[in-house]
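Heads up, upload29.cif below (mmCIF, C-alpha atoms):
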data_work
#
loop_
_atom_site.label_atom_id
_atom_site.label_comp_id
_atom_site.auth_asym_id
_atom_site.auth_seq_id
_atom_site.Cartn_x
_atom_site.Cartn_y
_atom_site.Cartn_z
CA VAL A 22 130.02 82.90 40.50
CA SER A 23 130.31 81.86 36.91
CA TRP A 24 127.56 79.91 35.25
CA GLY A 25 129.33 79.90 31.87
CA GLY A 26 130.34 76.23 31.84
CA SER A 27 126.97 74.60 32.64
CA ASN A 28 124.38 73.45 30.14
CA PRO A 29 121.34 75.75 29.71
CA THR A 30 118.90 73.60 31.77
CA ASP A 31 121.27 73.41 34.73
CA ARG A 32 121.90 77.16 34.53
CA ILE A 33 118.15 77.93 34.54
CA LEU A 34 117.52 75.53 37.43
CA MET A 35 120.37 77.10 39.43
CA HIS A 36 119.02 80.61 38.77
CA LEU A 37 115.56 79.39 39.83
CA ALA A 38 116.96 77.91 43.06
CA GLU A 39 118.59 81.26 43.85
CA ILE A 40 115.36 83.13 43.10
CA GLY A 41 113.46 80.64 45.27
CA ALA A 42 115.84 81.46 48.10
CA GLY A 43 115.11 85.19 47.69
CA ARG A 44 118.36 86.03 45.95
CA CYS A 45 119.24 86.77 42.35
CA SER A 46 122.26 85.63 40.43
CA ILE A 47 121.24 87.38 37.17
CA THR A 48 122.45 90.89 36.45
CA ASP A 49 121.72 93.23 33.52
CA ASP A 50 125.35 92.77 32.50
CA SER A 51 125.12 88.98 32.46
CA ILE A 52 122.01 89.23 30.23
CA VAL A 53 123.78 91.59 27.81
CA ALA A 54 126.82 89.27 27.77
CA GLU A 55 124.65 86.20 27.00
CA PRO A 56 125.36 85.12 23.42
CA ASP A 57 122.29 82.83 22.98
CA PRO A 58 119.19 85.01 22.27
CA ASP A 59 116.76 82.35 23.64
CA MET A 60 118.79 82.13 26.83
CA ARG A 61 118.76 85.93 26.95
CA GLN A 62 114.95 85.85 26.88
CA VAL A 63 114.87 83.21 29.63
CA LEU A 64 117.32 85.18 31.79
CA LEU A 65 115.30 88.35 31.28
CA GLY A 66 112.13 86.45 32.24
CA LEU A 67 113.83 85.08 35.34
CA LEU A 68 115.04 88.55 36.33
CA VAL A 69 111.50 89.93 35.99
CA LEU A 70 110.20 86.95 38.00
CA HIS A 71 112.72 87.68 40.74
CA GLU A 72 111.77 91.36 40.84
CA ASP A 73 108.05 90.52 40.98
CA LEU A 74 108.65 88.00 43.73
CA SER A 75 110.74 90.35 45.85
CA TYR A 76 108.17 93.12 45.34
CA ALA A 77 105.40 90.74 46.48
CA GLY A 78 107.61 89.67 49.37
CA ARG A 79 108.16 93.26 50.47
CA GLN A 80 104.44 93.90 50.22
CA ARG A 81 103.73 90.84 52.31
CA THR A 82 106.26 91.85 54.97
CA GLU A 83 104.77 95.33 55.11
CA ALA A 84 101.27 93.90 55.38
CA GLU A 85 102.38 91.54 58.13
CA THR A 86 104.03 94.37 60.03
CA ALA A 87 100.88 96.46 59.68
CA LEU A 88 98.76 93.53 60.88
CA LEU A 89 101.03 93.05 63.85
CA ARG A 90 100.81 96.76 64.65
CA VAL A 91 97.01 96.57 64.46
CA ALA A 92 96.95 93.52 66.73
CA VAL A 93 99.19 95.25 69.27
CA GLU A 94 97.04 98.39 69.09
CA ARG A 95 93.89 96.33 69.48
CA GLU A 96 95.33 94.59 72.55
CA ARG A 97 96.29 97.98 73.98
CA LEU A 98 92.78 99.35 73.39
CA LEU A 99 91.22 96.25 74.94
CA GLU A 100 93.49 96.60 77.94
CA GLU A 101 92.57 100.28 78.19
CA ARG A 102 88.91 99.28 78.04
CA ARG A 103 89.36 96.65 80.72
CA GLU A 104 91.09 99.20 82.93
CA ALA A 105 88.36 101.78 82.28
CA VAL A 106 85.64 99.26 83.18
CA GLU A 107 87.56 98.29 86.29
CA ALA A 108 88.01 101.94 87.26
CA ARG A 109 84.31 102.57 86.67
CA ASP A 110 83.27 99.59 88.80
CA HIS A 111 85.69 100.56 91.52
CA PHE A 112 84.42 104.13 91.48
CA LEU A 113 80.84 102.89 91.64
CA ALA A 114 81.64 100.65 94.60
CA VAL A 115 83.51 103.35 96.46
CA ALA A 116 80.87 105.99 95.71
CA ALA A 117 78.03 103.72 96.84
CA HIS A 118 80.03 102.91 99.94
CA GLU A 119 80.90 106.48 100.82
CA LEU A 120 77.35 107.74 100.28
CA ARG A 121 75.95 105.34 102.83
CA THR A 122 77.29 106.98 105.97
CA PRO A 123 75.87 110.48 105.28
CA LEU A 124 72.63 108.79 104.19
CA ALA A 125 72.52 106.87 107.46
CA THR A 126 72.84 110.14 109.38
CA LEU A 127 70.21 111.84 107.21
CA THR A 128 67.79 108.93 107.57
CA LEU A 129 68.12 108.90 111.36
CA LEU A 130 67.72 112.66 111.65
CA VAL A 131 64.64 112.75 109.42
CA ASP A 132 63.10 109.76 111.22
CA HIS A 133 63.79 111.45 114.53
CA LEU A 134 62.23 114.71 113.34
CA VAL A 135 59.17 112.83 112.09
CA ALA A 136 58.87 111.00 115.40
CA MET A 137 59.31 114.19 117.45
CA ARG A 138 57.11 116.38 115.28
CA ALA A 139 54.54 118.46 117.07
CA PRO A 140 51.05 118.17 115.53
CA THR A 141 50.74 122.00 115.42
CA LEU A 142 53.37 122.11 112.64
CA ASP A 143 50.76 120.83 110.21
CA PHE A 144 48.81 124.08 110.49
CA ASP A 145 51.43 126.10 108.69
CA PRO A 146 49.41 128.30 106.29
CA VAL A 147 51.60 127.84 103.21
CA ILE A 148 52.92 124.34 103.31
CA GLY A 149 52.67 122.15 106.38
CA GLN A 150 56.00 121.34 107.93
CA GLY A 151 54.62 117.90 108.54
CA GLN A 152 54.17 117.58 104.80
CA GLN A 153 57.69 118.89 104.23
CA LEU A 154 59.03 116.28 106.61
CA THR A 155 57.14 113.57 104.76
CA MET A 156 58.66 114.77 101.50
CA LEU A 157 62.09 114.96 103.10
CA LYS A 158 61.68 111.39 104.29
CA ARG A 159 60.55 110.25 100.84
CA GLN A 160 63.49 111.93 99.12
CA VAL A 161 65.98 110.42 101.56
CA GLU A 162 64.40 107.03 100.87
CA ARG A 163 64.77 107.62 97.15
CA LEU A 164 68.42 108.52 97.57
CA SER A 165 68.96 105.43 99.68
CA ALA A 166 67.27 103.25 97.07
CA LEU A 167 69.52 104.69 94.34
CA VAL A 168 72.63 104.12 96.43
CA VAL A 169 71.59 100.55 97.21
CA GLU A 170 71.01 100.08 93.47
CA MET A 171 74.50 101.43 92.74
CA LEU A 172 75.95 98.99 95.23
CA ASP A 173 74.05 96.10 93.65
CA ILE A 174 75.31 97.14 90.23
CA SER A 175 78.89 97.27 91.42
CA GLN A 176 78.48 93.84 93.01
CA ILE A 177 76.89 92.39 89.88
CA THR A 178 79.48 93.80 87.48
CA SER A 179 82.32 92.51 89.63
CA GLY A 180 80.64 89.13 89.94
CA HIS A 181 80.06 89.22 93.71
CA LEU A 182 76.32 89.62 94.23
CA ASP A 183 76.24 88.56 97.89
CA LEU A 184 72.79 87.20 98.67
CA VAL A 185 71.69 87.05 102.30
CA PRO A 186 69.07 84.28 102.26
CA GLY A 187 66.60 83.67 105.05
CA LEU A 188 63.14 82.22 105.50
CA VAL A 189 60.75 84.45 103.54
CA ASP A 190 57.02 84.45 102.83
CA LEU A 191 56.65 86.02 99.39
CA ARG A 192 53.25 87.39 100.44
CA ASP A 193 54.98 89.54 103.06
CA VAL A 194 57.42 90.85 100.46
CA VAL A 195 54.57 91.77 98.09
CA ARG A 196 52.48 93.29 100.87
CA GLU A 197 55.35 95.49 102.07
CA VAL A 198 56.13 96.67 98.56
CA ILE A 199 52.51 97.57 97.88
CA ASP A 200 52.28 99.37 101.23
CA HIS A 201 55.31 101.32 100.19
CA PHE A 202 53.64 102.41 96.95
CA ASP A 203 50.47 103.36 98.78
CA LEU A 204 50.82 107.08 98.19
CA GLU A 205 51.71 106.71 94.53
CA ILE A 206 48.84 104.26 93.98
CA GLN A 207 46.45 106.80 95.48
CA ARG A 208 47.92 109.65 93.47
CA ARG A 209 47.58 107.79 90.19
CA HIS A 210 44.13 106.42 91.15
CA VAL A 211 45.26 102.95 90.16
CA ALA A 212 43.39 99.87 91.33
CA VAL A 213 45.90 97.30 92.56
CA ARG A 214 44.49 93.80 93.02
CA VAL A 215 46.49 91.27 94.99
CA ASP A 216 45.80 87.56 94.73
CA ALA A 217 47.86 85.76 97.34
CA PRO A 218 45.64 83.19 99.04
CA GLU A 219 48.31 81.04 100.67
CA PRO A 220 51.73 81.53 102.26
CA VAL A 221 54.57 80.90 99.79
CA ARG A 222 57.67 80.32 101.87
CA GLY A 223 61.20 79.77 100.71
CA PHE A 224 64.82 80.49 101.50
CA TRP A 225 65.62 83.74 99.70
CA ASP A 226 67.20 87.17 100.21
CA ALA A 227 64.17 89.17 101.37
CA ALA A 228 65.72 92.62 100.84
CA ARG A 229 66.76 91.73 97.28
CA LEU A 230 63.34 90.24 96.45
CA ASP A 231 61.79 93.41 97.84
CA ARG A 232 63.84 95.29 95.23
CA VAL A 233 62.73 92.95 92.44
CA VAL A 234 59.04 93.34 93.29
CA THR A 235 59.53 97.07 93.85
CA ASN A 236 60.98 97.35 90.33
CA LEU A 237 58.10 95.40 88.82
CA MET A 238 55.51 97.46 90.71
CA ALA A 239 57.24 100.73 89.80
CA ASN A 240 57.17 99.72 86.12
CA ALA A 241 53.55 98.58 86.29
CA LEU A 242 52.55 101.94 87.75
CA LYS A 243 54.81 103.94 85.45
CA TYR A 244 53.76 102.24 82.21
CA GLY A 245 50.32 101.05 83.32
CA ALA A 246 48.44 104.07 81.90
CA GLY A 247 46.42 104.31 85.12
CA ARG A 248 44.65 101.01 84.44
CA PRO A 249 44.38 98.25 87.07
CA VAL A 250 47.48 96.35 88.13
CA GLU A 251 47.20 92.72 89.22
CA VAL A 252 49.73 91.02 91.47
CA SER A 253 49.58 87.35 92.30
CA VAL A 254 51.70 85.11 94.50
CA ARG A 255 51.40 81.33 94.32
CA ALA A 256 53.31 78.06 94.34
CA GLU A 257 53.33 75.85 91.25
CA GLY A 258 55.11 72.54 91.62
CA SER A 259 58.59 73.26 92.89
CA TRP A 260 58.41 76.93 91.92
CA ALA A 261 57.18 80.03 93.69
CA LEU A 262 55.64 82.56 91.32
CA VAL A 263 55.15 86.28 91.59
CA VAL A 264 53.21 87.73 88.67
CA VAL A 265 52.79 91.47 88.09
CA ARG A 266 50.42 92.39 85.26
CA ASP A 267 49.54 95.80 83.94
CA HIS A 268 47.27 96.89 81.10
CA GLY A 269 49.29 99.84 79.91
CA VAL A 270 51.47 100.84 76.96
CA GLY A 271 53.24 97.47 76.73
CA ILE A 272 56.62 96.82 75.18
CA PRO A 273 57.09 96.87 71.37
CA ASP A 274 58.02 93.43 69.98
CA GLU A 275 61.43 94.59 68.80
CA GLU A 276 62.25 95.87 72.30
CA GLN A 277 61.19 92.79 74.24
CA ASN A 278 64.48 90.92 73.99
CA LYS A 279 66.26 94.03 75.25
CA THR A 280 63.99 94.50 78.25
CA PHE A 281 66.40 92.96 80.71
CA GLY A 282 69.54 94.53 79.24
CA PRO A 283 71.45 97.14 81.21
CA PHE A 284 70.30 100.70 80.56
CA ALA A 285 67.31 99.36 78.60
CA ARG A 286 64.12 101.32 78.65
CA ALA A 287 61.32 100.36 76.34
CA VAL A 288 59.97 103.88 76.33
CA THR A 289 62.37 106.63 75.32
CA ALA A 290 64.38 108.27 78.05
CA ARG A 291 62.70 111.58 77.34
CA HIS A 292 59.52 110.35 78.97
CA HIS A 293 60.85 108.55 82.00
CA ALA A 294 63.86 109.21 84.20
CA GLY A 295 65.84 106.70 86.23
CA LEU A 296 68.94 104.60 85.85
CA GLY A 297 67.11 102.20 83.53
CA LEU A 298 68.79 99.34 85.34
CA GLY A 299 65.88 98.08 87.42
CA LEU A 300 64.94 95.08 85.30
CA TRP A 301 68.54 94.16 84.63
CA ILE A 302 69.27 94.17 88.37
CA SER A 303 66.04 92.26 88.99
CA GLU A 304 67.03 89.58 86.51
CA GLN A 305 70.50 89.29 88.06
CA ILE A 306 69.01 88.94 91.55
CA VAL A 307 66.43 86.35 90.45
CA GLU A 308 69.03 84.33 88.54
CA ALA A 309 71.48 84.47 91.45
CA SER A 310 68.62 83.05 93.55
CA GLY A 311 68.31 80.13 91.13
CA GLY A 312 65.18 81.48 89.45
CA ARG A 313 63.97 83.07 86.22
CA ILE A 314 62.16 86.20 85.22
CA LYS A 315 60.02 86.43 82.09
CA VAL A 316 58.04 89.08 80.32
CA ASP A 317 55.00 88.70 78.12
CA SER A 318 53.90 91.95 76.59
CA ARG A 319 51.77 93.35 73.79
CA PRO A 320 51.87 96.96 72.70
CA GLU A 321 48.83 98.87 73.99
CA GLU A 322 47.63 95.79 75.90
CA GLY A 323 50.12 95.73 78.75
CA SER A 324 52.91 93.64 80.20
CA THR A 325 53.04 90.62 82.46
CA PHE A 326 56.22 89.98 84.38
CA THR A 327 56.62 86.56 86.01
CA VAL A 328 59.27 85.82 88.60
CA GLU A 329 59.90 82.13 89.27
CA LEU A 330 61.89 81.14 92.33
CA PRO A 331 62.88 77.63 93.41
CA LEU A 332 60.94 76.45 96.47
CA VAL B 18 61.19 100.56 128.19
CA SER B 19 61.50 102.17 131.60
CA SER B 20 63.30 99.08 132.89
CA LEU B 21 66.07 99.76 130.37
CA THR B 22 66.71 103.23 131.69
CA ASN B 23 70.33 104.17 132.05
CA LEU B 24 71.71 100.99 130.50
CA PRO B 25 75.24 101.77 129.29
CA LEU B 26 75.65 101.76 125.50
CA MET B 27 78.96 102.28 123.71
CA ILE B 28 79.30 103.80 120.25
CA VAL B 29 82.59 103.71 118.34
CA ASP B 30 82.46 105.62 115.07
CA ASP B 31 84.81 108.20 113.59
CA ASP B 32 82.03 109.94 111.63
CA ASP B 33 81.15 112.84 113.92
CA ASP B 34 77.64 113.52 112.67
CA LEU B 35 76.53 109.89 112.60
CA ARG B 36 78.06 109.21 116.02
CA ASP B 37 76.50 112.31 117.57
CA THR B 38 73.12 111.57 115.98
CA ILE B 39 73.03 108.01 117.28
CA ALA B 40 74.32 109.17 120.68
CA ASP B 41 71.69 111.92 120.97
CA ILE B 42 68.85 109.66 119.91
CA MET B 43 69.93 106.87 122.23
CA SER B 44 70.40 109.27 125.13
CA ALA B 45 66.87 110.54 124.48
CA GLN B 46 65.73 106.91 124.63
CA GLY B 47 67.16 106.71 128.14
CA TYR B 48 70.41 104.88 127.52
CA THR B 49 73.63 106.09 129.08
CA VAL B 50 75.78 106.60 126.03
CA ALA B 51 79.56 106.60 125.85
CA ALA B 52 80.57 107.64 122.34
CA PHE B 53 84.10 107.42 120.95
CA ALA B 54 85.58 108.67 117.71
CA ASP B 55 88.71 106.67 118.38
CA ALA B 56 88.72 102.90 118.88
CA ARG B 57 91.83 103.01 121.07
CA ALA B 58 90.10 105.37 123.51
CA ALA B 59 87.04 103.12 123.50
CA LEU B 60 89.18 100.08 124.27
CA ALA B 61 90.92 102.00 127.08
CA ALA B 62 87.50 102.86 128.54
CA LEU B 63 86.53 99.17 128.47
CA GLU B 64 89.80 98.17 130.07
CA GLY B 65 89.24 100.91 132.65
CA GLY B 66 86.04 99.22 133.77
CA GLN B 67 83.18 100.35 131.51
CA THR B 68 80.76 97.49 130.85
CA PRO B 69 78.28 98.45 128.14
CA PHE B 70 75.50 95.98 127.30
CA LEU B 71 76.24 96.61 123.62
CA ILE B 72 78.94 98.19 121.47
CA LEU B 73 77.94 99.74 118.12
CA LEU B 74 81.17 99.48 116.15
CA ASP B 75 82.23 101.16 112.92
CA LEU B 76 84.84 99.24 110.94
CA MET B 77 86.86 101.65 108.85
CA MET B 78 88.43 104.12 111.25
CA PRO B 79 91.81 105.81 111.24
CA GLY B 80 94.25 104.59 113.87
CA MET B 81 92.74 101.43 115.32
CA SER B 82 90.20 99.85 112.95
CA GLY B 83 87.03 98.06 113.99
CA TRP B 84 88.66 94.70 113.24
CA GLU B 85 91.64 95.51 115.47
CA PHE B 86 89.30 96.74 118.19
CA ARG B 87 87.31 93.50 117.99
CA ALA B 88 90.47 91.38 118.07
CA ALA B 89 91.76 93.22 121.14
CA GLN B 90 88.35 92.92 122.82
CA LEU B 91 88.25 89.14 122.24
CA LYS B 92 91.74 88.75 123.75
CA ASN B 93 90.53 90.11 127.07
CA PRO B 94 88.30 87.47 128.72
CA ARG B 95 86.55 90.11 130.83
CA LEU B 96 85.51 92.05 127.69
CA ALA B 97 85.06 89.22 125.21
CA LEU B 98 81.41 88.58 126.05
CA ILE B 99 80.22 92.15 125.50
CA PRO B 100 78.04 91.98 122.36
CA VAL B 101 79.13 93.97 119.32
CA VAL B 102 77.00 95.09 116.38
CA VAL B 103 79.01 96.27 113.41
CA VAL B 104 77.57 99.38 111.78
CA THR B 105 78.79 99.12 108.23
CA ALA B 106 78.34 100.56 104.79
CA ALA B 107 78.25 96.86 103.87
CA ASN B 108 80.17 96.89 100.69
CA THR B 109 81.42 93.42 101.38
CA PHE B 110 84.39 93.30 99.08
CA ILE B 111 85.59 96.66 100.26
CA ASP B 112 85.04 96.56 103.99
CA GLY B 113 85.23 92.81 104.51
CA ALA B 114 82.56 92.93 107.23
CA PRO B 115 81.65 89.24 106.76
CA THR B 116 85.18 88.29 107.77
CA LEU B 117 84.08 89.01 111.35
CA PRO B 118 82.46 85.81 112.63
CA ASP B 119 79.35 85.71 114.84
CA ILE B 120 78.64 89.40 114.54
CA GLU B 121 75.40 91.07 113.67
CA LEU B 122 75.64 93.72 110.96
CA LEU B 123 73.63 96.91 110.81
CA ARG B 124 73.87 98.05 107.22
CA LYS B 125 73.92 101.76 106.47
CA PRO B 126 71.63 103.48 105.82
CA PHE B 127 69.11 102.16 108.34
CA GLU B 128 65.86 103.54 109.68
CA LEU B 129 65.41 104.81 113.20
CA ASP B 130 62.95 102.00 113.98
CA THR B 131 65.50 99.40 112.91
CA LEU B 132 68.15 100.91 115.16
CA LEU B 133 65.80 101.19 118.15
CA ALA B 134 64.54 97.62 117.71
CA LEU B 135 68.07 96.25 117.44
CA VAL B 136 69.43 98.10 120.46
CA GLY B 137 66.23 97.27 122.37
CA ARG B 138 66.73 93.57 121.66
CA TYR B 139 70.23 93.62 123.14
CA ALA B 140 69.04 95.77 126.05
CA ALA B 141 66.34 93.22 126.87
CA ALA B 142 69.00 90.50 126.92
CA ALA B 143 71.45 92.54 129.00
CA PRO B 144 72.71 90.81 132.12
CA PRO B 145 71.09 92.20 135.29
CA GLY B 146 73.08 94.67 137.33
CA LEU B 147 74.59 96.74 134.49
#
Would you encode the structure as structure tokens?
Amino acid sequence: VSWGGSNPTDRILMHLAEIGAGRCSITDDSIVAEPDPDMRQVLLGLLVLHEDLSYAGRQRTEAETALLRVAVERERLLEERREAVEARDHFLAVAAHELRTPLATLTLLVDHLVAMRAPTLDFDPVIGQGQQLTMLKRQVERLSALVVEMLDISQITSGHLDLVPGLVDLRDVVREVIDHFDLEIQRRHVAVRVDAPEPVRGFWDAARLDRVVTNLMANALKYGAGRPVEVSVRAEGSWALVVVRDHGVGIPDEEQNKTFGPFARAVTARHHAGLGLGLWISEQIVEASGGRIKVDSRPEEGSTFTVELPL
Amino acid sequence: VSSLTNLPLMIVDDDDDLRDTIADIMSAQGYTVAAFADARAALAALEGGQTPFLILLDLMMPGMSGWEFRAAQLKNPRLALIPVVVVTAANTFIDGAPTLPDIELLRKPFELDTLLALVGRYAAAAPPGL
């Protein structure tokens, strides 16, 4: 291409158009051959402009490629994470499932041994076999509770918490839970006061509510510092309320919004064992039942948990 | 309870220990127990004339599954009315137990009292002459 015949303005505009299109029609030779010194300066300026622009362009392309690579990598990591979560949930479901059959056998055998036990066994000089059986029974129950909890977790995380509703009197639920804690209540010398003057009946999943109240009672005893625990059951408008109040260590303000999170534990794990999922599961169960669960707590004054269920 | 003595109870479960435990306990309770590890053999026993007042049925079994057993049982009018309780690990989205209509579930693990009460309830409702 020869630009020799055009007037200077046209030549500059044509060079600019080329540069704009990412090409360059100016060479070192054409600058040297340029007789007009002003035009030489312009051409030199245009050449520098072109080089700057193509450098910036290359940089941009590289940056875009890098960004694309990062996006692809991010998508891959997310996919990996999704798969890992899925694998974890599946494992949890299968494990909870598989553990249930041996637990069923164990439960039946222990129950049968307890039922068949001869009273003379209790006179064992070191440790009564009756007492051993009671412990065996308690440990099997603990295992069963953990497995049921695992199953609930796997159902919650996969979005299929299957409630089995039936006609329930909340007083019966509370009474059974407290009966269940009888031994622990005695051991810890805790006074448990129950205020449940009237039947509070509704259509709920009794076994799941048992777990909710069990969690609240377990926490009240665990964090209650041996002080009295108050449980009340009542109806208020169109809501059924279960309130569990302790006067123990309480939950620090900064921890309160995390209370219902998975793996949350207001007190450090060093002091208390467990999955740390009790309140999270409880909240999921209560919400799946159309209700709410709330906590009101002050450090060193205790915690009050309120479960509200639709009547 | 004495009036229930010798009532025929069928157990179909491929887990040896669980099946034997339930069978032993139920025998001790006075039931006449026929226990099967294989659903096909259980079905053959029914077709051969056994008439239990209740079948305790596991779902996930090699060979013929609990669902297939139930389907085959319902196809035979002479067997269709025999009550079935599904003994399940109750992980609904794995074992699909709720896909069986009109069937009571006994969810593992369960306590001895629960099992005895459940079987007792069906025994009390058993047709006379079994």
- Carefully work through the PyMOL selection byres ((chain A) within 10 of (chain B)) for this structure and note down the residues it includes, as a VMD selection string. chain A and resid 111 114 to 115 117 to 133 136 161 to 162 165 to 166 168 to 169 172 to 173 175 to 176 179 181 to 183
Enumerate, as a CSV table (one decimal) with C-alpha atoms, in the frame of the given file, the residues matched when the PyMOL selection byres ((chain B and resi 52-57) around 6) is run on the file above.
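Result went into selection-v9.csv, see below:
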chain,number,residue,atom,x,y,z
B,27,MET,CA,79.0,102.3,123.7
B,28,ILE,CA,79.3,103.8,120.2
B,29,VAL,CA,82.6,103.7,118.3
B,30,ASP,CA,82.5,105.6,115.1
B,31,ASP,CA,84.8,108.2,113.6
B,51,ALA,CA,79.6,106.6,125.8
B,58,ALA,CA,90.1,105.4,123.5
B,59,ALA,CA,87.0,103.1,123.5
B,60,LEU,CA,89.2,100.1,124.3
B,81,MET,CA,92.7,101.4,115.3
- Hey, which of B:Leu91, B:Ile72, B:Ala45, B:Ile99 ends up closest to B:Leu135? Count only C-alpha atoms.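 Checking each of B:Leu91, B:Ile72, B:Ala45, B:Ile99 against B:Leu135, counting only C-alpha atoms, the winner is B:Ile72.
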- Item | Neighbours of point (48.1, 105.6, 86.5) within 8 Å, using all atoms listed in the file, written as a PyMOL selection string | chain A and resi 206+209-211+242-248
- Enter the distance from atom CA of A:Pro218 to atom CA of A:Glu251, in Å, rounded to one decimal.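 So the two atoms, atom CA of A:Pro218 and atom CA of A:Glu251, lie 13.8 Å apart.
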- How many Å separate atom CA of B:Pro144 from atom CA of B:Glu85? 25.6 Å
- Task: For the file shown, report as a ChimeraX atom specification the outcome of the PyMOL selection byres ((chain B and resi 71) around 6) at residue level.
- Result: /B:26,69-70,72,100-101
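If you count only C-alpha atoms and ignore residues fewer than 4 places along the chain from stretch 76-86 of chain A, what sits within 12 Å of it is Ile40, Gly41, Ala42, Gly43, Arg44, Val69, Leu70, His71, Glu72, Arg90, Val91, Ala92 and Val93 of chain A.
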- Query: If you measure from atom CA of B:Arg95 to atom CA of B:Ala141, what distance in Å do you get, rounded to one decimal?
  - Reply: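 Computing the Euclidean distance for atom CA of B:Arg95 and atom CA of B:Ala141 yields 20.8 Å.
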- Do a neighbour search on B:Pro145 at 12 Å with only C-alpha atoms, toss out local chain neighbours closer than 2 positions, and write the hits as a VMD selection string. chain B and resid 20 to 21 24 68 to 70 140 to 143 147
Kindly list the centre and edge lengths in Å, rounded to one decimal, for the axis-aligned box that covers all listed atoms of stretch 57-65 of chain B plus 4 Å on each of its six sides, as AutoDock Vina command-line options.
--center_x 89.2 --center_y 101.8 --center_z 126.9 --size_x 13.3 --size_y 15.2 --size_z 19.6
